[in-house]
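Colleague: Sharing upload12.cif below, mmCIF, C-alpha atoms:
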```
data_input
#
loop_
_atom_site.label_atom_id
_atom_site.label_comp_id
_atom_site.auth_asym_id
_atom_site.auth_seq_id
_atom_site.Cartn_x
_atom_site.Cartn_y
_atom_site.Cartn_z
CA MET A 1364 142.99 78.89 90.63
CA ASP A 1365 139.85 77.40 92.05
CA ARG A 1366 139.82 78.47 95.66
CA PHE A 1367 136.28 77.46 96.45
CA SER A 1368 135.40 74.07 97.90
CA ASP A 1369 132.57 71.74 96.91
CA ASP A 1370 131.02 72.46 100.29
CA PHE A 1371 131.05 76.18 99.66
CA ARG A 1372 129.54 75.72 96.21
CA ALA A 1373 126.77 73.56 97.66
CA GLY A 1374 126.06 76.37 100.13
CA LEU A 1375 126.01 78.94 97.35
CA HIS A 1376 123.54 76.86 95.36
CA ASP A 1377 121.40 76.57 98.47
CA LEU A 1378 121.55 80.32 99.06
CA MET A 1379 120.44 80.96 95.49
CA ARG A 1380 117.53 78.53 95.81
CA TRP A 1381 116.08 80.39 98.79
CA ARG A 1382 113.32 82.74 97.78
CA ARG A 1383 114.71 86.21 97.76
CA ASP A 1384 111.59 88.14 97.03
CA VAL A 1385 110.04 88.33 100.48
CA ARG A 1386 106.62 89.92 101.03
CA HIS A 1387 105.83 88.55 104.46
CA PHE A 1388 107.91 90.20 107.14
CA ARG A 1389 107.95 90.17 110.92
CA THR A 1390 107.76 93.71 112.27
CA ASP A 1391 110.73 93.54 114.66
CA PRO A 1392 113.61 95.88 113.83
CA VAL A 1393 116.84 95.02 112.09
CA ASP A 1394 120.01 95.78 113.99
CA GLU A 1395 121.95 98.75 112.52
CA ALA A 1396 125.12 96.63 112.26
CA LEU A 1397 123.30 94.01 110.17
CA LEU A 1398 121.82 96.64 107.88
CA LYS A 1399 125.28 98.14 107.44
CA GLN A 1400 126.67 94.69 106.61
CA CYS A 1401 124.04 94.39 103.86
CA LEU A 1402 124.69 97.86 102.45
CA ASP A 1403 128.47 97.38 102.54
CA THR A 1404 127.97 94.83 99.76
CA PHE A 1405 127.60 97.76 97.33
CA SER A 1406 131.27 98.58 97.88
CA LEU A 1407 132.24 95.11 96.60
CA ALA A 1408 130.05 95.27 93.50
CA PRO A 1409 131.47 95.76 90.02
CA SER A 1410 130.21 98.76 88.04
CA VAL A 1411 130.66 99.99 84.50
CA GLY A 1412 133.79 102.17 84.29
CA LEU A 1413 134.01 101.87 88.09
CA SER A 1414 131.32 104.56 88.08
CA GLU A 1415 129.62 103.23 91.25
CA PRO A 1416 126.44 105.08 90.23
CA TRP A 1417 124.29 103.75 93.12
CA ARG A 1418 122.60 106.24 95.44
CA ILE A 1419 120.74 104.96 98.46
CA LEU A 1420 117.80 106.60 100.18
CA ARG A 1421 116.82 105.15 103.51
CA VAL A 1422 113.12 105.86 103.90
CA THR A 1423 112.56 106.21 107.62
CA SER A 1424 110.07 109.03 108.20
CA ASP A 1425 106.40 108.17 108.69
CA ALA A 1426 105.45 110.71 106.02
CA ALA A 1427 107.72 109.23 103.32
CA ARG A 1428 106.79 105.63 104.18
CA THR A 1429 103.10 106.48 104.00
CA GLN A 1430 103.50 108.20 100.63
CA ALA A 1431 105.33 105.15 99.25
CA ILE A 1432 102.67 102.76 100.55
CA GLU A 1433 99.90 104.90 98.99
CA ASN A 1434 101.87 104.97 95.75
CA PHE A 1435 101.95 101.15 95.78
CA THR A 1436 98.23 100.89 96.64
CA ASP A 1437 97.21 103.20 93.79
CA SER A 1438 99.59 101.56 91.28
CA ASN A 1439 98.31 98.14 92.28
CA THR A 1440 94.68 99.19 91.80
CA GLN A 1441 95.63 100.42 88.35
CA ALA A 1442 97.49 97.18 87.54
CA LEU A 1443 94.50 95.13 88.71
CA ALA A 1444 92.31 97.00 86.21
CA GLY A 1445 94.40 95.40 83.44
CA PHE A 1446 93.09 91.93 84.32
CA THR A 1447 89.64 90.38 84.00
CA GLY A 1448 87.69 87.37 85.28
CA ASP A 1449 89.50 84.68 87.25
CA GLN A 1450 92.89 86.27 86.61
CA ALA A 1451 91.70 89.53 88.17
CA LYS A 1452 90.36 87.60 91.17
CA LEU A 1453 93.69 85.80 91.56
CA TYR A 1454 95.68 89.02 91.15
CA ALA A 1455 93.59 90.75 93.81
CA SER A 1456 94.33 87.89 96.23
CA LEU A 1457 98.12 88.19 95.87
CA LYS A 1458 100.23 90.00 98.46
CA LEU A 1459 102.69 91.92 96.29
CA SER A 1460 104.39 94.03 98.91
CA GLY A 1461 105.45 93.78 102.54
CA MET A 1462 105.80 97.55 102.86
CA ARG A 1463 103.53 97.90 105.89
CA GLU A 1464 105.35 95.30 108.01
CA ALA A 1465 108.96 95.63 106.84
CA PRO A 1466 111.04 97.63 109.33
CA GLU A 1467 113.33 99.04 106.63
CA HIS A 1468 112.55 100.70 103.29
CA LEU A 1469 115.37 101.46 100.85
CA ALA A 1470 114.91 103.37 97.60
CA ILE A 1471 117.86 102.59 95.36
CA TYR A 1472 118.68 105.07 92.61
CA CYS A 1473 121.12 105.34 89.75
CA ASP A 1474 122.86 108.67 89.20
CA ASP A 1475 122.87 108.71 85.42
CA SER A 1476 124.64 112.07 85.48
CA THR A 1477 127.66 110.94 87.48
CA SER A 1478 131.06 111.92 86.14
CA LYS A 1479 132.72 109.06 88.04
CA GLY A 1480 134.21 106.63 85.53
CA SER A 1481 134.14 109.35 82.84
CA GLY A 1482 131.45 107.42 80.95
CA LEU A 1483 133.74 104.48 80.16
CA GLY A 1484 131.69 101.52 78.91
CA ALA A 1485 128.44 103.50 78.89
CA ALA A 1486 128.70 105.44 75.61
CA SER A 1487 126.81 103.02 73.35
CA MET A 1488 124.85 101.37 76.19
CA PRO A 1489 124.06 104.03 78.83
CA GLU A 1490 121.68 101.59 80.52
CA MET A 1491 124.85 99.84 81.80
CA ARG A 1492 124.91 102.25 84.74
CA ARG A 1493 121.47 101.12 85.85
CA TYR A 1494 122.44 97.50 85.24
CA SER A 1495 125.44 98.00 87.54
CA VAL A 1496 123.04 99.12 90.25
CA VAL A 1497 120.87 96.03 89.69
CA GLY A 1498 123.96 93.81 89.98
CA ALA A 1499 124.91 95.42 93.29
CA ILE A 1500 121.36 94.96 94.61
CA THR A 1501 121.49 91.29 93.62
CA LEU A 1502 124.68 90.83 95.63
CA MET A 1503 123.13 92.61 98.62
CA TRP A 1504 120.15 90.28 98.30
CA LEU A 1505 122.47 87.32 98.83
CA THR A 1506 124.31 88.96 101.73
CA ALA A 1507 120.99 89.70 103.43
CA ARG A 1508 119.79 86.14 102.89
CA SER A 1509 123.03 84.71 104.27
CA LEU A 1510 122.28 86.66 107.46
CA GLY A 1511 118.74 85.27 107.65
CA LEU A 1512 117.23 88.55 106.44
CA GLY A 1513 114.80 88.92 103.57
CA ILE A 1514 114.42 91.57 100.90
CA GLY A 1515 111.35 92.26 98.79
CA TRP A 1516 111.63 94.26 95.56
CA VAL A 1517 108.49 96.37 95.02
CA SER A 1518 108.02 97.32 91.37
CA VAL A 1519 104.32 98.16 91.46
CA LEU A 1520 105.06 101.85 91.89
CA ASP A 1521 104.84 105.06 89.88
CA PRO A 1522 108.50 106.20 89.77
CA VAL A 1523 107.68 109.81 88.80
CA ARG A 1524 105.42 110.22 91.82
CA LEU A 1525 107.95 108.50 94.12
CA ASN A 1526 110.77 110.76 92.94
CA ALA A 1527 108.65 113.83 93.66
CA ASP A 1528 107.61 112.55 97.09
CA LEU A 1529 111.20 111.70 98.04
CA GLU A 1530 112.57 114.96 96.55
CA VAL A 1531 115.11 113.07 94.50
CA PRO A 1532 117.86 115.06 92.70
CA LYS A 1533 117.47 115.49 88.93
CA GLY A 1534 119.42 112.92 86.93
CA TRP A 1535 118.67 110.11 89.37
CA THR A 1536 116.62 107.15 88.11
CA LEU A 1537 114.68 104.82 90.40
CA VAL A 1538 116.04 101.30 90.07
CA ALA A 1539 114.44 99.54 93.03
CA TYR A 1540 112.26 100.09 96.04
CA LEU A 1541 113.27 97.48 98.61
CA CYS A 1542 111.69 96.24 101.81
CA LEU A 1543 114.13 94.65 104.25
CA GLY A 1544 113.44 92.72 107.41
CA TRP A 1545 113.04 89.32 109.02
CA PRO A 1546 111.00 86.99 106.81
CA ALA A 1547 107.89 85.53 108.43
CA GLU A 1548 108.52 82.25 106.61
CA ASN A 1549 111.27 80.58 104.59
CA THR A 1550 110.61 78.72 101.38
CA THR A 1551 112.34 77.71 98.17
CA THR A 1552 109.17 77.88 96.05
CA PRO A 1553 108.27 81.24 94.48
CA GLU A 1554 104.98 82.49 95.96
CA LEU A 1555 103.56 83.16 92.47
CA GLU A 1556 103.99 79.43 91.81
CA THR A 1557 102.34 78.38 95.10
CA LYS A 1558 99.39 80.68 94.37
CA GLY A 1559 98.98 79.41 90.80
CA TRP A 1560 99.91 82.59 88.95
CA GLU A 1561 102.84 81.21 86.96
CA THR A 1562 105.23 78.26 86.91
CA ARG A 1563 108.96 77.85 86.32
CA ALA A 1564 109.86 77.15 82.71
CA PRO A 1565 110.86 73.49 82.32
CA ALA A 1566 114.00 74.41 80.34
CA LEU A 1567 116.24 77.33 79.59
CA HIS A 1568 115.87 79.05 76.22
CA ILE A 1569 119.28 78.70 74.50
CA GLU A 1570 119.96 79.20 70.77
CA SER A 1571 123.20 79.10 68.82
CA ARG A 1572 124.54 81.58 66.30
CA MET B 173 116.13 80.85 110.52
CA ASP B 174 119.74 81.56 109.81
CA ARG B 175 121.03 78.45 108.11
CA PHE B 176 124.32 79.86 106.90
CA SER B 177 127.51 79.57 108.94
CA ASP B 178 130.12 82.26 109.60
CA ASP B 179 132.50 80.20 107.47
CA PHE B 180 130.12 80.24 104.53
CA ARG B 181 129.56 83.96 104.87
CA ALA B 182 133.31 84.58 104.91
CA GLY B 183 133.54 82.55 101.69
CA LEU B 184 130.70 84.54 100.14
CA HIS B 185 132.42 87.80 101.00
CA ASP B 186 135.61 86.46 99.45
CA LEU B 187 133.76 85.40 96.31
CA MET B 188 132.26 88.88 95.97
CA ARG B 189 135.67 90.51 96.40
CA TRP B 190 137.15 88.62 93.46
CA ARG B 191 137.15 90.66 90.30
CA ARG B 192 134.31 89.48 88.17
CA ASP B 193 134.91 91.52 85.10
CA VAL B 194 137.62 89.50 83.39
CA ARG B 195 139.25 90.73 80.18
CA HIS B 196 142.34 88.51 80.16
CA PHE B 197 141.45 84.93 79.30
CA ARG B 198 143.43 81.80 78.54
CA THR B 199 142.29 80.33 75.23
CA ASP B 200 141.72 76.74 76.40
CA PRO B 201 138.12 75.56 76.13
CA VAL B 202 135.55 75.32 78.90
CA ASP B 203 134.05 71.91 79.51
CA GLU B 204 130.39 71.67 78.39
CA ALA B 205 129.35 70.42 81.83
CA LEU B 206 130.88 73.48 83.51
CA LEU B 207 129.21 75.84 81.05
CA LYS B 208 125.90 74.11 81.72
CA GLN B 209 126.44 74.48 85.46
CA CYS B 210 126.91 78.23 84.94
CA LEU B 211 123.84 78.59 82.71
CA ASP B 212 121.67 76.52 85.07
CA THR B 213 121.96 79.42 87.51
CA PHE B 214 119.33 81.23 85.42
CA SER B 215 116.77 78.67 86.54
CA LEU B 216 117.36 79.65 90.18
CA ALA B 217 117.10 83.37 89.58
CA PRO B 218 114.08 85.41 90.68
CA SER B 219 112.23 87.35 87.97
CA VAL B 220 109.41 89.86 87.96
CA GLY B 221 106.07 88.05 87.83
CA LEU B 222 108.05 84.81 87.36
CA SER B 223 108.33 85.95 83.74
CA GLU B 224 111.82 84.44 83.27
CA PRO B 225 112.36 86.79 80.30
CA TRP B 226 116.00 85.78 79.66
CA ARG B 227 116.95 84.44 76.22
CA ILE B 228 120.45 83.13 75.66
CA LEU B 229 122.36 83.12 72.39
CA ARG B 230 125.54 81.08 72.38
CA VAL B 231 127.77 82.71 69.78
CA THR B 232 129.90 79.89 68.39
CA SER B 233 130.27 80.42 64.62
CA ASP B 234 133.39 82.15 63.33
CA ALA B 235 131.22 84.54 61.33
CA ALA B 236 129.15 85.71 64.29
CA ARG B 237 132.17 85.98 66.62
CA THR B 238 134.03 88.06 64.02
CA GLN B 239 131.07 90.39 63.55
CA ALA B 240 130.81 90.91 67.30
CA ILE B 241 134.55 91.61 67.61
CA GLU B 242 134.39 94.14 64.74
CA ASN B 243 131.37 95.73 66.41
CA PHE B 244 133.41 96.16 69.60
CA THR B 245 136.45 97.53 67.70
CA ASP B 246 134.36 100.14 65.88
CA SER B 247 132.39 101.12 69.01
CA ASN B 248 135.63 101.42 70.95
CA THR B 249 137.18 103.70 68.30
CA GLN B 250 134.08 105.86 68.53
CA ALA B 251 134.22 105.93 72.34
CA LEU B 252 137.91 106.88 72.22
CA ALA B 253 137.01 109.89 70.07
CA GLY B 254 135.06 111.24 73.08
CA PHE B 255 138.30 111.69 75.08
CA THR B 256 141.24 114.06 74.62
CA GLY B 257 144.82 114.45 75.82
CA ASP B 258 146.15 112.17 78.56
CA GLN B 259 142.72 110.65 79.16
CA ALA B 260 142.53 109.58 75.51
CA LYS B 261 146.03 108.07 75.75
CA LEU B 262 145.05 106.17 78.89
CA TYR B 263 141.75 105.00 77.35
CA ALA B 264 143.56 103.71 74.27
CA SER B 265 145.90 101.68 76.49
CA LEU B 266 143.08 99.87 78.31
CA LYS B 267 142.05 96.35 77.35
CA LEU B 268 138.26 96.54 77.51
CA SER B 269 137.36 93.15 76.07
CA GLY B 270 138.71 89.63 76.05
CA MET B 271 136.57 88.66 73.05
CA ARG B 272 139.45 87.36 70.94
CA GLU B 273 140.78 84.96 73.57
CA ALA B 274 137.64 83.89 75.43
CA PRO B 275 136.47 80.44 74.33
CA GLU B 276 132.78 81.23 74.94
CA HIS B 277 130.65 84.20 73.88
CA LEU B 278 127.12 84.56 75.23
CA ALA B 279 124.68 87.24 74.12
CA ILE B 280 122.01 87.59 76.79
CA TYR B 281 118.68 89.09 75.76
CA CYS B 282 115.45 90.08 77.43
CA ASP B 283 112.20 89.14 75.71
CA ASP B 284 110.20 92.25 76.49
CA SER B 285 107.22 90.80 74.64
CA THR B 286 106.91 87.62 76.71
CA SER B 287 103.46 86.74 77.96
CA LYS B 288 104.91 84.64 80.78
CA GLY B 289 103.98 86.21 84.10
CA SER B 290 101.13 88.12 82.41
CA GLY B 291 102.96 91.39 83.00
CA LEU B 292 102.67 91.19 86.79
CA GLY B 293 104.98 93.72 88.44
CA ALA B 294 106.01 95.27 85.12
CA ALA B 295 103.07 97.57 84.37
CA SER B 296 104.45 100.78 85.85
CA MET B 297 108.13 99.75 85.58
CA PRO B 298 108.55 97.65 82.41
CA GLU B 299 112.34 97.86 82.82
CA MET B 300 111.88 95.31 85.64
CA ARG B 301 112.06 92.51 83.04
CA ARG B 302 115.51 93.64 81.94
CA TYR B 303 116.55 94.10 85.56
CA SER B 304 115.50 90.49 86.21
CA VAL B 305 117.88 89.40 83.45
CA VAL B 306 120.69 91.46 85.00
CA GLY B 307 120.05 89.82 88.37
CA ALA B 308 120.26 86.35 86.82
CA ILE B 309 123.53 87.26 85.07
CA THR B 310 124.94 88.50 88.38
CA LEU B 311 124.14 85.15 89.98
CA MET B 312 125.75 83.30 87.06
CA TRP B 313 128.82 85.49 87.51
CA LEU B 314 129.18 84.18 91.05
CA THR B 315 128.60 80.57 90.02
CA ALA B 316 131.26 80.87 87.32
CA ARG B 317 133.71 82.44 89.76
CA SER B 318 133.09 79.72 92.33
CA LEU B 319 134.17 77.24 89.62
CA GLY B 320 137.35 79.21 88.90
CA LEU B 321 135.90 80.61 85.65
CA GLY B 322 135.79 84.27 84.71
CA ILE B 323 133.19 86.34 82.90
CA GLY B 324 133.73 89.67 81.18
CA TRP B 325 130.76 91.92 80.38
CA VAL B 326 131.37 93.83 77.13
CA SER B 327 129.26 96.98 76.89
CA VAL B 328 131.27 98.81 74.24
CA LEU B 329 128.97 97.58 71.48
CA ASP B 330 126.30 98.95 69.16
CA PRO B 331 123.23 96.88 70.15
CA VAL B 332 121.28 97.66 66.96
CA ARG B 333 124.11 96.34 64.78
CA LEU B 334 124.61 93.29 67.00
CA ASN B 335 120.90 92.42 66.87
CA ALA B 336 120.98 92.59 63.07
CA ASP B 337 124.15 90.48 62.85
CA LEU B 338 122.75 87.85 65.21
CA GLU B 339 119.31 87.89 63.56
CA VAL B 340 117.61 88.44 66.88
CA PRO B 341 113.79 88.18 67.07
CA LYS B 342 111.84 91.45 67.33
CA GLY B 343 110.92 92.35 70.88
CA TRP B 344 114.23 91.12 72.30
CA THR B 345 116.54 93.67 73.94
CA LEU B 346 120.27 93.13 74.36
CA VAL B 347 121.14 93.12 78.05
CA ALA B 348 124.71 91.78 78.03
CA TYR B 349 127.40 90.41 75.78
CA LEU B 350 129.51 88.09 77.91
CA CYS B 351 132.90 86.47 77.42
CA LEU B 352 133.43 83.33 79.48
CA GLY B 353 136.60 81.33 80.04
CA TRP B 354 139.57 80.70 82.30
CA PRO B 355 141.03 83.94 83.64
CA ALA B 356 144.72 84.48 82.88
CA GLU B 357 145.14 86.07 86.30
CA ASN B 358 143.19 86.47 89.52
CA THR B 359 142.98 89.70 91.43
CA THR B 360 140.74 91.54 93.85
CA THR B 361 141.59 95.01 92.54
CA PRO B 362 139.54 96.36 89.62
CA GLU B 363 141.76 96.77 86.56
CA LEU B 364 140.52 100.34 86.02
CA GLU B 365 141.92 101.14 89.46
CA THR B 366 145.29 99.46 88.76
CA LYS B 367 145.58 101.39 85.50
CA GLY B 368 144.69 104.70 87.10
CA TRP B 369 141.36 105.32 85.35
CA GLU B 370 139.17 105.54 88.43
CA THR B 371 139.22 104.64 92.13
CA ARG B 372 136.71 103.16 94.54
CA ALA B 373 134.61 105.74 96.38
CA PRO B 374 135.77 105.96 100.00
CA ALA B 375 132.20 105.75 101.30
CA LEU B 376 128.73 104.77 100.20
CA HIS B 377 126.26 107.53 99.33
CA ILE B 378 123.34 107.13 101.78
CA GLU B 379 120.69 109.77 102.52
CA SER B 380 117.60 109.60 104.71
CA ARG B 381 114.07 110.65 103.90
#
```
Can the structure in the file be given as structure tokens, please?

Modeller:
Amino acid sequence: MDRFSDDFRAGLHDLMRWRRDVRHFRTDPVDEALLKQCLDTFSLAPSVGLSEPWRILRVTSDAARTQAIENFTDSNTQALAGFTGDQAKLYASLKLSGMREAPEHLAIYCDDSTSKGSGLGAASMPEMRRYSVVGAITLMWLTARSLGLGIGWVSVLDPVRLNADLEVPKGWTLVAYLCLGWPAENTTTPELETKGWETRAPALHIESR
Amino acid sequence: MDRFSDDFRAGLHDLMRWRRDVRHFRTDPVDEALLKQCLDTFSLAPSVGLSEPWRILRVTSDAARTQAIENFTDSNTQALAGFTGDQAKLYASLKLSGMREAPEHLAIYCDDSTSKGSGLGAASMPEMRRYSVVGAITLMWLTARSLGLGIGWVSVLDPVRLNADLEVPKGWTLVAYLCLGWPAENTTTPELETKGWETRAPALHIESR
């Protein structure tokens, strides 16, 4: 039944402790074979109704990269405006994206209009399709990390503007904009903790019913 | 840089190939220490702004379990009504939840009103909090599997009714209702494929921009 060794489990725990959200990248390229190995993880991921609703845009052109970076810059300026005093100062000092340095940009979408799976499992909770995409990304995150690569998930973006810039088909929803590359440093402490923005909760919130 | 061995990566690939969505459980209980080991995975998971918005309800009372099972039964009857002919026959033959047999039920919520993280990274994409919860669940899925345990994600549920039955605080959103226990069988083929509902896509959908 239990085919996994204590050694493997210790490695898995270690892999999960590594910081996955990388914002500091080296600029050297990622080998195509390694990128493929990361993306192949999607084909192992479970999805609601076996709908496999993930759609992947590889953002490689200078024009599209620049538009995405400007989208982040504008969205970040707007987010900063929501803070005041010391918190605003701290926010402004944070590096929230490695978009300029990262050699690879991936925009990951969910095709909410897919007929694959015939809607099984998504009738009362249609968000399950997008959650399936998030699960697949999480698995890819681990694959990348096991190869020494880092991924940064950029959420300070205006999705409507991004969809227009990337000429995304109707019915697709942005789930994640990912930077992928070689991390400039490796750490097990979240950067927001190091910089004093927030700390880990001391205990998990569990209630019984 | 790359601290993970080829052996470990082969194990990780193997772990990801195992079917995670389990609907056939043995009824014997899961040791508290093992359950804790699964749940502790949440404390390793990344989250937007380090907001750790996950809230866990352990559904243990007969009353609450029964309500959840009835919710599934009614939602499934409603979903079945959306199909006709052979597809309806096939749908009716599928076992879409192991709620009756599974020794543990977990309702996983997202606290969209949390002040933790001060909203960082969730201003333009507030769904990022729920996606963080999905990522944490995905990691727990792997931890459970590495221990020989199985998890089934039940999405054929009416969330509004479940929230009322479980007396969930306002501002919490249902992300997942999970069954956890010992799988009755182990397989690497999705059950929906075995039963002829849907097949894996032959290739990943990747476009360039």

Colleague: For B:Thr245, please output as an MDAnalysis selection string all residues within 12 Å (counting all atoms listed in the file; exclusion window: fewer than 4 positions along the same chain).

Modeller: chainID B and resid 238:241 249:252 264 267:272 326:330

Colleague: What is the atom CA of B:Lys208-atom CA of A:Asp1377 distance in Å, reported with one decimal?

Modeller: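 Separation of atom CA of B:Lys208 and atom CA of A:Asp1377: 17.5 Å.
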
Colleague: Assuming the chain letters and numbering stay as they are in my file, what does the PyMOL selection byres ((chain B and resi 317) around 10) actually select? List them as a list in words.

Modeller: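 Those residues are Met1364, Asp1365, Arg1366 and Phe1367 of chain A; Leu187, Met188, Trp190, Arg191, Arg192, Cys210, Leu311, Met312, Trp313, Leu314, Thr315, Ala316, Ser318, Leu319, Gly320, Leu321, Gly322, Ile323, Trp354 and Pro355 of chain B.
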
Colleague: Tell me, in Å to one decimal, how far atom CA of A:Ser1476 is from atom CA of B:Val306.

Modeller: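 Going from atom CA of A:Ser1476 over to atom CA of B:Val306, I get 21.0 Å.
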
Colleague: What separation in Å, quoted to one decimal, exists between atom CA of B:Leu266 and atom CA of B:Trp369?

Modeller: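 Pair atom CA of B:Leu266 / atom CA of B:Trp369 returns 9.1 Å.
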
Colleague: Once the PyMOL selection byres ((chain B and resi 198) around 6) is applied to the coordinates I shared, what remains selected? I want it as an MDAnalysis selection string.

Modeller: chainID B and resid 197 199:200 354 356

Colleague: May I ask which of the residues B:Phe255, B:Asn243, B:Leu346, B:Asp234 is the closest one to A:Met1491, counting all atoms listed in the file?

Modeller: B:Leu346

Colleague: Could you give me, as a ChimeraX atom specification, the residues that sit within 8 Å of (124.8, 88.2, 75.9) in the file's coordinates, counting only C-alpha atoms?

Modeller: /B:228-230,277-281,346-350

Colleague: Using C-alpha atoms, can you write the selected residues to a file as a PDB file, keeping the file's coordinate frame?

Modeller:
```
ATOM      1  CA  ILE B 228     120.450  83.130  75.660  1.00  0.00           C
ATOM      2  CA  LEU B 229     122.360  83.120  72.390  1.00  0.00           C
ATOM      3  CA  ARG B 230     125.540  81.080  72.380  1.00  0.00           C
ATOM      4  CA  HIS B 277     130.650  84.200  73.880  1.00  0.00           C
ATOM      5  CA  LEU B 278     127.120  84.560  75.230  1.00  0.00           C
ATOM      6  CA  ALA B 279     124.680  87.240  74.120  1.00  0.00           C
ATOM      7  CA  ILE B 280     122.010  87.590  76.790  1.00  0.00           C
ATOM      8  CA  TYR B 281     118.680  89.090  75.760  1.00  0.00           C
ATOM      9  CA  LEU B 346     120.270  93.130  74.360  1.00  0.00           C
ATOM     10  CA  VAL B 347     121.140  93.120  78.050  1.00  0.00           C
ATOM     11  CA  ALA B 348     124.710  91.780  78.030  1.00  0.00           C
ATOM     12  CA  TYR B 349     127.400  90.410  75.780  1.00  0.00           C
ATOM     13  CA  LEU B 350     129.510  88.090  77.910  1.00  0.00           C
TER      14      LEU B 350
END
```

Colleague: Which one of B:Ser223, B:Thr286, B:Thr256, B:Gln209 sits closest to B:Ser304 if you count all atoms listed in the file?

Modeller: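 Among the listed residues, the smallest separation from B:Ser304 belongs to B:Ser223.
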
Colleague: Restricting the calculation to all atoms listed in the file, which member of B:Ser215, B:Thr345, B:Gln259, B:Thr232 is positioned closest to A:Arg1572?

Modeller: B:Thr232

Colleague: Mind working out the centre and edge lengths of an axis-aligned box for stretch 284-303 of chain B, all listed atoms inside, 4 Å added to each side, rounded to one decimal in Å and written as AutoDock Vina command-line options?

Modeller:
```
--center_x 108.8 --center_y 92.7 --center_z 81.5 --size_x 23.4 --size_y 24.1 --size_z 21.8
```

Colleague: The PyMOL selection byres ((chain B and resi 218) around 8) - which residues does that actually catch in the file I just gave you? List them as a list of chain:residue names.

Modeller: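 Selection result, ordered by chain and number: A:Arg1382, A:Arg1383, A:Asp1384, B:Leu216, B:Ala217, B:Ser219, B:Val220, B:Leu222, B:Glu224, B:Ser304, B:Gly307, B:Ala308.
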
Colleague: Of the candidates A:Asp1528, A:Glu1561, A:Asp1370, A:Glu1554, which one gets nearest to chain B if we count only C-alpha atoms?

Modeller: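 Closest to chain B, using only C-alpha atoms: A:Glu1561.
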
Colleague: Looking at B:Ser287, B:Thr359, B:Ser233, B:Asn335, which one is nearest to chain A, with distances taken over only C-alpha atoms?

Modeller: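 Of B:Ser287, B:Thr359, B:Ser233, B:Asn335, the one nearest chain A, counting only C-alpha atoms, is B:Ser233.
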
Colleague: With only C-alpha atoms as the atoms that count, which of A:Ala1465, A:Gly1480, A:Leu1397, A:Val1496 lies nearest to chain B?

Modeller: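 Checking each of A:Ala1465, A:Gly1480, A:Leu1397, A:Val1496 against chain B, counting only C-alpha atoms, the winner is A:Gly1480.
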